[in-house]
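Undergrad: I'm passing along upload.tsv; it holds TSV, C-alpha atoms.
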```tsv
chain	number	residue	atom	x	y	z
A	1	MET	CA	215.57	75.20	25.30
A	2	PRO	CA	219.14	74.46	26.36
A	3	ALA	CA	221.36	72.78	23.77
A	4	VAL	CA	222.08	69.89	26.17
A	5	PRO	CA	219.68	69.80	29.12
A	6	LEU	CA	220.96	68.23	32.34
A	7	ALA	CA	218.16	65.68	32.42
A	8	ALA	CA	216.59	64.43	29.20
A	9	GLY	CA	212.83	64.24	29.65
A	10	LEU	CA	212.65	66.77	32.50
A	11	LEU	CA	210.33	69.73	31.90
A	12	VAL	CA	210.14	72.59	34.41
A	13	VAL	CA	206.87	74.53	34.27
A	14	VAL	CA	206.95	77.99	35.82
A	15	SER	CA	203.55	79.24	36.92
A	16	LEU	CA	202.49	82.75	37.86
A	17	SER	CA	203.22	83.38	41.52
A	18	PRO	CA	200.22	84.41	43.60
A	19	VAL	CA	202.63	86.80	45.36
A	20	ARG	CA	203.42	90.00	43.49
A	21	GLY	CA	206.95	91.37	43.38
A	22	PRO	CA	209.77	91.79	43.73
A	23	GLY	CA	209.78	93.82	40.58
A	24	PRO	CA	207.93	93.01	37.39
A	25	ARG	CA	207.45	89.37	36.42
A	26	ALA	CA	209.51	89.89	33.25
A	27	THR	CA	212.54	90.59	35.47
A	28	ARG	CA	212.06	87.30	37.36
A	29	ILE	CA	211.66	85.39	34.07
A	30	GLU	CA	214.86	86.95	32.71
A	31	GLY	CA	216.58	85.90	35.94
A	32	ILE	CA	215.43	82.30	35.45
A	33	GLY	CA	216.68	82.37	31.87
A	34	ALA	CA	220.05	83.76	32.95
A	35	THR	CA	220.58	81.17	35.71
A	36	TRP	CA	219.00	77.75	36.10
A	37	GLY	CA	216.92	78.09	32.92
A	38	GLN	CA	220.10	77.72	30.88
A	39	ARG	CA	220.51	74.14	32.09
A	40	LEU	CA	216.94	72.83	31.97
A	41	ARG	CA	213.99	72.78	29.60
A	42	VAL	CA	211.68	75.47	30.99
A	43	ALA	CA	208.14	76.48	29.97
A	44	VAL	CA	206.74	79.71	31.43
A	45	LEU	CA	202.95	79.98	31.75
A	46	LEU	CA	201.51	83.26	30.52
A	47	THR	CA	198.06	84.78	30.70
A	48	ASP	CA	196.43	87.87	29.27
A	49	ALA	CA	194.45	88.26	32.48
A	50	SER	CA	197.45	89.11	34.65
A	51	ALA	CA	197.43	92.33	36.64
A	52	ALA	CA	198.28	94.25	33.49
A	53	LYS	CA	198.31	93.22	29.84
A	54	GLU	CA	201.59	95.10	29.48
A	55	ASP	CA	203.15	92.78	32.11
A	56	ALA	CA	201.95	89.72	30.14
A	57	ALA	CA	203.50	91.05	26.94
A	58	LEU	CA	206.78	91.88	28.69
A	59	SER	CA	206.83	88.44	30.35
A	60	GLU	CA	206.37	86.68	27.00
A	61	ALA	CA	209.13	88.74	25.41
A	62	ALA	CA	211.41	88.02	28.39
A	63	ALA	CA	210.75	84.27	28.12
A	64	ARG	CA	211.57	84.23	24.43
A	65	ARG	CA	214.72	86.35	24.89
A	66	ALA	CA	215.86	83.96	27.62
A	67	GLY	CA	215.32	80.92	25.37
A	68	LEU	CA	212.43	79.62	27.49
A	69	GLU	CA	209.21	78.18	26.12
A	70	ALA	CA	206.21	80.50	26.49
A	71	TRP	CA	202.91	78.66	27.06
A	72	ARG	CA	199.81	80.84	27.00
A	73	VAL	CA	197.13	79.38	29.27
A	74	PRO	CA	193.56	79.22	27.98
A	75	PRO	CA	191.04	81.83	29.20
A	76	SER	CA	189.36	79.14	31.37
A	77	VAL	CA	192.35	79.34	33.76
A	78	THR	CA	191.26	82.89	34.60
A	79	ALA	CA	187.53	82.50	33.91
A	80	ASP	CA	186.46	84.34	37.07
A	81	GLY	CA	189.10	87.03	36.58
A	82	LYS	CA	191.52	85.38	39.02
A	83	TYR	CA	194.38	83.09	38.02
A	84	SER	CA	193.72	79.52	39.21
A	85	GLN	CA	196.90	77.61	40.09
A	86	PHE	CA	194.99	74.33	39.90
A	87	LEU	CA	193.58	74.99	36.43
A	88	ALA	CA	197.00	76.20	35.26
A	89	LEU	CA	198.53	72.96	36.58
A	90	LYS	CA	195.83	70.93	34.85
A	91	PHE	CA	196.58	72.72	31.57
A	92	ALA	CA	200.35	72.13	31.95
A	93	VAL	CA	199.94	68.44	32.84
A	94	GLU	CA	197.60	67.81	29.90
A	95	ARG	CA	199.99	69.59	27.52
A	96	ALA	CA	203.03	67.76	28.89
A	97	VAL	CA	201.35	64.35	28.44
A	98	ARG	CA	200.95	65.11	24.72
A	99	ASP	CA	204.75	65.50	24.48
A	100	ALA	CA	206.22	61.98	24.43
A	101	SER	CA	209.67	63.31	25.40
A	102	VAL	CA	208.45	64.47	28.85
A	103	ARG	CA	209.33	61.89	31.53
A	104	TRP	CA	209.19	64.29	34.51
A	105	LEU	CA	207.42	67.59	35.16
A	106	PHE	CA	208.66	69.92	37.90
A	107	TRP	CA	206.03	72.51	38.85
A	108	CYS	CA	207.16	75.78	40.44
A	109	ASN	CA	206.41	79.47	40.32
A	110	ASP	CA	208.43	82.45	39.21
A	111	HIS	CA	209.82	83.02	42.73
A	112	THR	CA	211.34	79.55	42.93
A	113	PHE	CA	215.09	79.15	42.63
A	114	VAL	CA	216.14	75.77	41.31
A	115	VAL	CA	219.59	74.27	41.60
A	116	ALA	CA	219.47	72.66	38.18
A	117	GLU	CA	222.11	70.02	38.84
A	118	ASN	CA	220.40	68.88	42.06
A	119	LEU	CA	216.95	68.67	40.47
A	120	ALA	CA	218.31	66.72	37.48
A	121	ALA	CA	220.21	64.28	39.72
A	122	PHE	CA	217.18	63.87	42.00
A	123	VAL	CA	214.75	62.85	39.25
A	124	ARG	CA	217.39	60.71	37.51
A	125	SER	CA	217.86	58.78	40.76
A	126	TYR	CA	214.29	57.45	40.42
A	127	GLY	CA	214.85	56.07	36.91
A	128	ASP	CA	211.80	54.88	34.99
A	129	VAL	CA	209.45	53.58	37.66
A	130	SER	CA	206.08	52.11	36.79
A	131	GLU	CA	204.06	53.65	39.64
A	132	PRO	CA	202.96	57.29	39.75
A	133	LEU	CA	205.35	59.44	41.78
A	134	TYR	CA	204.70	62.78	43.44
A	135	LEU	CA	207.93	64.16	44.88
A	136	GLY	CA	207.16	67.09	47.10
A	137	SER	CA	205.32	68.04	50.21
A	138	ARG	CA	201.76	69.14	50.60
A	139	LEU	CA	201.43	72.13	52.86
A	140	TRP	CA	198.73	73.51	55.14
A	141	GLY	CA	197.85	77.14	55.69
A	142	PRO	CA	195.10	78.89	57.70
A	143	CYS	CA	194.07	80.64	54.48
A	144	CYS	CA	193.36	77.59	52.43
A	145	GLY	CA	193.88	74.26	54.21
A	146	VAL	CA	195.93	71.61	52.41
A	147	PHE	CA	197.58	72.69	49.18
A	148	ASN	CA	200.48	71.89	46.85
A	149	SER	CA	203.05	74.65	46.81
A	150	GLY	CA	204.42	76.05	43.59
A	151	ALA	CA	206.83	78.13	45.68
A	152	ALA	CA	208.54	75.00	47.00
A	153	GLY	CA	207.89	73.08	43.80
A	154	PHE	CA	207.09	69.42	43.26
A	155	ALA	CA	207.89	66.79	40.64
A	156	LEU	CA	205.60	64.33	38.87
A	157	ASN	CA	206.81	61.41	36.79
A	158	ARG	CA	205.25	60.37	33.48
A	159	ARG	CA	202.99	57.77	35.11
A	160	ALA	CA	201.69	60.39	37.56
A	161	LEU	CA	200.97	62.81	34.71
A	162	GLU	CA	199.04	60.14	32.80
A	163	THR	CA	197.15	59.11	35.96
A	164	LEU	CA	196.10	62.71	36.62
A	165	VAL	CA	194.91	63.23	33.05
A	166	ARG	CA	192.75	60.09	33.33
A	167	ALA	CA	191.44	61.13	36.77
A	168	TRP	CA	190.56	64.61	35.49
A	169	ASP	CA	188.73	63.27	32.44
A	170	PRO	CA	185.11	64.48	32.73
A	171	GLN	CA	183.96	61.06	31.48
A	172	GLN	CA	185.67	59.40	34.47
A	173	LYS	CA	182.77	58.38	36.72
A	174	LYS	CA	184.85	56.72	39.45
A	175	ALA	CA	187.37	59.48	40.10
A	176	PRO	CA	187.94	60.10	43.81
A	177	ARG	CA	186.79	63.42	45.22
A	178	ALA	CA	190.42	64.50	45.67
A	179	CYS	CA	190.74	64.36	41.86
A	180	ASP	CA	187.81	66.71	41.18
A	181	ALA	CA	188.96	68.83	38.24
A	182	THR	CA	186.50	71.58	39.18
A	183	SER	CA	188.29	72.10	42.51
A	184	ARG	CA	190.03	75.41	43.20
A	185	LYS	CA	192.83	73.63	45.04
A	186	ALA	CA	195.36	71.17	43.65
A	187	HIS	CA	195.26	68.05	45.80
A	188	VAL	CA	197.67	66.26	43.50
A	189	ALA	CA	199.32	63.97	46.05
A	190	THR	CA	195.95	62.99	47.58
A	191	CYS	CA	194.52	62.30	44.12
A	192	LEU	CA	197.46	60.09	43.14
A	193	ALA	CA	197.28	58.18	46.45
A	194	ALA	CA	193.77	57.08	45.48
A	195	PHE	CA	195.14	55.03	42.55
```
Could you spell out this file's structure in structure tokens?

TA:
Amino acid sequence: MPAVPLAAGLLVVVSLSPVRGPGPRATRIEGIGATWGQRLRVAVLLTDASAAKEDAALSEAAARRAGLEAWRVPPSVTADGKYSQFLALKFAVERAVRDASVRWLFWCNDHTFVVAENLAAFVRSYGDVSEPLYLGSRLWGPCCGVFNSGAAGFALNRRALETLVRAWDPQQKKAPRACDATSRKAHVATCLAAF
């Protein structure tokens, strides 16, 4: 973690990109650590079920060398042998909510380039608002319909994180369909709009 992050309370979570390359993931993680990762608190998601176990080990070592947090996702994120972005996001949101210092979470993947100063200023401009905020754009693709893009990234404030954790609670009987935690797609903005 940087000695003095640009935005106190901002956590950037870097997920596995569904697109392979360029180069090994460890190289991209080292690049993050050498650039914008020096100015922000960054957690890199890791899994043993990536294309190769060697890549996972190299990625974890790269994250630690770069001073980034390394968060190993539970096996349920890759239960069917394929990495689920939605389940990885759910894991990251639930973990972030347990950390009282997290006021904002920015979700992206390891291909995303972040201008640290711009991101910090952007979330700071919203202050501490009481309603859940999703700052990003949902996309549509012929492959998969509506989805939230980790490549473009999106930000969630603390209230949004807490709202999602409540909506994803299996005991929650009134959760809207868009909040279905068993879904393969992350309809985060649609879920939050239901509250």

Undergrad: Pick from A:Ala34, A:Ala155, A:Leu11, A:Leu16: nearest to Phe122 in chain A, with all atoms listed in the file counted?

TA: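 Closest to Phe122 in chain A of all the choices is A:Ala155.
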
Undergrad: Env of Val13 in chain A: 6 Å cut, atoms = all atoms listed in the file, seq-sep filter 5 positions within chain, self excluded. Answer as a PyMOL selection string.

TA: chain A and resi 42-44+107

Undergrad: Would you write out those residues with C-alpha atoms, as an mmCIF file, in the coordinates of the input?

TA:
```
data_model
loop_
_atom_site.group_PDB
_atom_site.id
_atom_site.type_symbol
_atom_site.label_atom_id
_atom_site.label_comp_id
_atom_site.auth_asym_id
_atom_site.auth_seq_id
_atom_site.Cartn_x
_atom_site.Cartn_y
_atom_site.Cartn_z
ATOM 1 C CA VAL A 42 211.680 75.470 30.990
ATOM 2 C CA ALA A 43 208.140 76.480 29.970
ATOM 3 C CA VAL A 44 206.740 79.710 31.430
ATOM 4 C CA TRP A 107 206.030 72.510 38.850
#
```

Undergrad: Which one of A:Leu156, A:Ala151, A:Leu89, A:Val188 sits closest to Val19 in chain A if you count all atoms listed in the file?

TA: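 Closest to Val19 in chain A of all the choices is A:Ala151.
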
Undergrad: Have a look at CA of Lys90 in chain A and CA of Arg39 in chain A and let me know their distance in Å, one decimal.

TA: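 Result for CA of Lys90 in chain A versus CA of Arg39 in chain A: 25.0 Å, one decimal.
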
Undergrad: Out of A:Ser84, A:Leu45, A:Ile29, A:Thr78, which residue has the shortest atom-to-atom distance to Leu58 in chain A when counting all atoms listed in the file?

TA: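 Using all atoms listed in the file, Leu58 in chain A sits closest to A:Ile29.
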
Undergrad: Please list, as a tab-separated table (two decimals) with C-alpha atoms, in the coordinates of the input, the residues that have an atom at most 8 Å away from (213.0, 73.6, 36.6) in the coordinates of this file, counting all atoms listed in the file.

TA:
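Contents of point32.tsv, freshly written:
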```tsv
chain	number	residue	atom	x	y	z
A	10	LEU	CA	212.65	66.77	32.50
A	11	LEU	CA	210.33	69.73	31.90
A	12	VAL	CA	210.14	72.59	34.41
A	13	VAL	CA	206.87	74.53	34.27
A	14	VAL	CA	206.95	77.99	35.82
A	36	TRP	CA	219.00	77.75	36.10
A	37	GLY	CA	216.92	78.09	32.92
A	40	LEU	CA	216.94	72.83	31.97
A	41	ARG	CA	213.99	72.78	29.60
A	42	VAL	CA	211.68	75.47	30.99
A	106	PHE	CA	208.66	69.92	37.90
A	107	TRP	CA	206.03	72.51	38.85
A	108	CYS	CA	207.16	75.78	40.44
A	114	VAL	CA	216.14	75.77	41.31
A	116	ALA	CA	219.47	72.66	38.18
A	119	LEU	CA	216.95	68.67	40.47
```

Undergrad: Just the number, please: distance in Å from CA of Gln85 in chain A to CA of His111 in chain A, one decimal.

TA: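 Interatomic distance, CA of Gln85 in chain A to CA of His111 in chain A: 14.3 Å.
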
Undergrad: For a test of reading the model, state the distance in Å between CA of Ala152 in chain A and CA of Thr112 in chain A, rounded to one decimal.

TA: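 Separation of CA of Ala152 in chain A and CA of Thr112 in chain A: 6.7 Å.
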
Undergrad: From the set A:Pro24, A:Pro132, A:Gly67, A:Pro176, which residue has the shortest atom-to-atom contact distance to Ala160 in chain A, counting all atoms listed in the file?

TA: A:Pro132

Undergrad: Can you work out which one of A:Phe113, A:Trp71, A:Ala8, A:Glu94 has the shortest atom-to-atom distance to Gly31 in chain A, counting all atoms listed in the file?

TA: A:Phe113

Undergrad: For each of A:Leu135, A:Leu87, A:Ala100, A:Ala121, take the minimum atom-to-atom distance to Gly153 in chain A, counting all atoms listed in the file, then give the residue where this is smallest.

TA: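 Looking only at the distances to Gly153 in chain A, the closest residue turns out to be A:Leu135.
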
Undergrad: Since the input has fewer atoms than a full residue there, write range 67-90 of chain A out with N, CA, C and O atoms, as a JSON list (two decimals), in the coordinates of the input.

TA:
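Output file selection_29.json is given in full below:
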```json
[["chain", "number", "residue", "atom", "x", "y", "z"],
["A", 67, "GLY", "N", 215.28, 82.26, 25.95],
["A", 67, "GLY", "CA", 215.32, 80.92, 25.37],
["A", 67, "GLY", "C", 214.39, 79.94, 26.07],
["A", 67, "GLY", "O", 214.56, 78.72, 25.96],
["A", 68, "LEU", "N", 213.40, 80.46, 26.79],
["A", 68, "LEU", "CA", 212.43, 79.62, 27.49],
["A", 68, "LEU", "C", 211.18, 79.46, 26.64],
["A", 68, "LEU", "O", 210.87, 80.32, 25.82],
["A", 69, "GLU", "N", 210.47, 78.37, 26.82],
["A", 69, "GLU", "CA", 209.21, 78.18, 26.12],
["A", 69, "GLU", "C", 208.15, 79.07, 26.77],
["A", 69, "GLU", "O", 208.13, 79.22, 27.98],
["A", 70, "ALA", "N", 207.29, 79.66, 25.98],
["A", 70, "ALA", "CA", 206.21, 80.50, 26.49],
["A", 70, "ALA", "C", 204.89, 79.80, 26.18],
["A", 70, "ALA", "O", 204.53, 79.65, 25.02],
["A", 71, "TRP", "N", 204.19, 79.35, 27.22],
["A", 71, "TRP", "CA", 202.91, 78.66, 27.06],
["A", 71, "TRP", "C", 201.80, 79.58, 27.54],
["A", 71, "TRP", "O", 201.73, 79.90, 28.71],
["A", 72, "ARG", "N", 200.94, 79.98, 26.64],
["A", 72, "ARG", "CA", 199.81, 80.84, 27.00],
["A", 72, "ARG", "C", 198.66, 79.95, 27.49],
["A", 72, "ARG", "O", 198.22, 79.06, 26.78],
["A", 73, "VAL", "N", 198.22, 80.19, 28.72],
["A", 73, "VAL", "CA", 197.13, 79.38, 29.27],
["A", 73, "VAL", "C", 195.81, 79.79, 28.64],
["A", 73, "VAL", "O", 195.65, 80.94, 28.23],
["A", 74, "PRO", "N", 194.86, 78.86, 28.55],
["A", 74, "PRO", "CA", 193.56, 79.22, 27.98],
["A", 74, "PRO", "C", 192.79, 80.15, 28.91],
["A", 74, "PRO", "O", 193.05, 80.19, 30.12],
["A", 75, "PRO", "N", 191.83, 80.90, 28.37],
["A", 75, "PRO", "CA", 191.04, 81.83, 29.20],
["A", 75, "PRO", "C", 190.34, 81.14, 30.38],
["A", 75, "PRO", "O", 190.11, 81.78, 31.40],
["A", 76, "SER", "N", 190.05, 79.85, 30.28],
["A", 76, "SER", "CA", 189.36, 79.14, 31.37],
["A", 76, "SER", "C", 190.18, 79.15, 32.66],
["A", 76, "SER", "O", 189.63, 79.02, 33.75],
["A", 77, "VAL", "N", 191.49, 79.31, 32.57],
["A", 77, "VAL", "CA", 192.35, 79.34, 33.76],
["A", 77, "VAL", "C", 192.08, 80.60, 34.57],
["A", 77, "VAL", "O", 192.30, 80.63, 35.78],
["A", 78, "THR", "N", 191.57, 81.63, 33.92],
["A", 78, "THR", "CA", 191.26, 82.89, 34.60],
["A", 78, "THR", "C", 189.79, 83.27, 34.38],
["A", 78, "THR", "O", 189.45, 84.44, 34.32],
["A", 79, "ALA", "N", 188.94, 82.27, 34.27],
["A", 79, "ALA", "CA", 187.53, 82.50, 33.91],
["A", 79, "ALA", "C", 186.83, 83.48, 34.84],
["A", 79, "ALA", "O", 186.04, 84.30, 34.40],
["A", 80, "ASP", "N", 187.12, 83.43, 36.13],
["A", 80, "ASP", "CA", 186.46, 84.34, 37.07],
["A", 80, "ASP", "C", 187.28, 85.60, 37.32],
["A", 80, "ASP", "O", 187.05, 86.34, 38.26],
["A", 81, "GLY", "N", 188.27, 85.84, 36.45],
["A", 81, "GLY", "CA", 189.10, 87.03, 36.58],
["A", 81, "GLY", "C", 190.31, 86.83, 37.48],
["A", 81, "GLY", "O", 191.15, 87.71, 37.61],
["A", 82, "LYS", "N", 190.40, 85.66, 38.14],
["A", 82, "LYS", "CA", 191.52, 85.38, 39.02],
["A", 82, "LYS", "C", 192.24, 84.14, 38.51],
["A", 82, "LYS", "O", 191.62, 83.15, 38.13],
["A", 83, "TYR", "N", 193.54, 84.19, 38.50],
["A", 83, "TYR", "CA", 194.38, 83.09, 38.02],
["A", 83, "TYR", "C", 194.23, 81.89, 38.96],
["A", 83, "TYR", "O", 194.42, 82.01, 40.16],
["A", 84, "SER", "N", 193.87, 80.74, 38.42],
["A", 84, "SER", "CA", 193.72, 79.52, 39.21],
["A", 84, "SER", "C", 194.96, 78.65, 39.04],
["A", 84, "SER", "O", 195.21, 78.13, 37.96],
["A", 85, "GLN", "N", 195.71, 78.47, 40.13],
["A", 85, "GLN", "CA", 196.90, 77.61, 40.09],
["A", 85, "GLN", "C", 196.52, 76.18, 39.68],
["A", 85, "GLN", "O", 197.22, 75.55, 38.91],
["A", 86, "PHE", "N", 195.41, 75.70, 40.22],
["A", 86, "PHE", "CA", 194.99, 74.33, 39.90],
["A", 86, "PHE", "C", 194.68, 74.18, 38.41],
["A", 86, "PHE", "O", 195.15, 73.24, 37.77],
["A", 87, "LEU", "N", 193.91, 75.10, 37.85],
["A", 87, "LEU", "CA", 193.58, 74.99, 36.43],
["A", 87, "LEU", "C", 194.81, 75.20, 35.55],
["A", 87, "LEU", "O", 194.93, 74.59, 34.48],
["A", 88, "ALA", "N", 195.75, 76.03, 36.00],
["A", 88, "ALA", "CA", 197.00, 76.20, 35.26],
["A", 88, "ALA", "C", 197.81, 74.90, 35.30],
["A", 88, "ALA", "O", 198.37, 74.46, 34.29],
["A", 89, "LEU", "N", 197.84, 74.25, 36.47],
["A", 89, "LEU", "CA", 198.53, 72.96, 36.58],
["A", 89, "LEU", "C", 197.87, 71.92, 35.69],
["A", 89, "LEU", "O", 198.55, 71.18, 34.97],
["A", 90, "LYS", "N", 196.57, 71.88, 35.70],
["A", 90, "LYS", "CA", 195.83, 70.93, 34.85],
["A", 90, "LYS", "C", 196.19, 71.15, 33.38],
["A", 90, "LYS", "O", 196.47, 70.20, 32.64]]
```
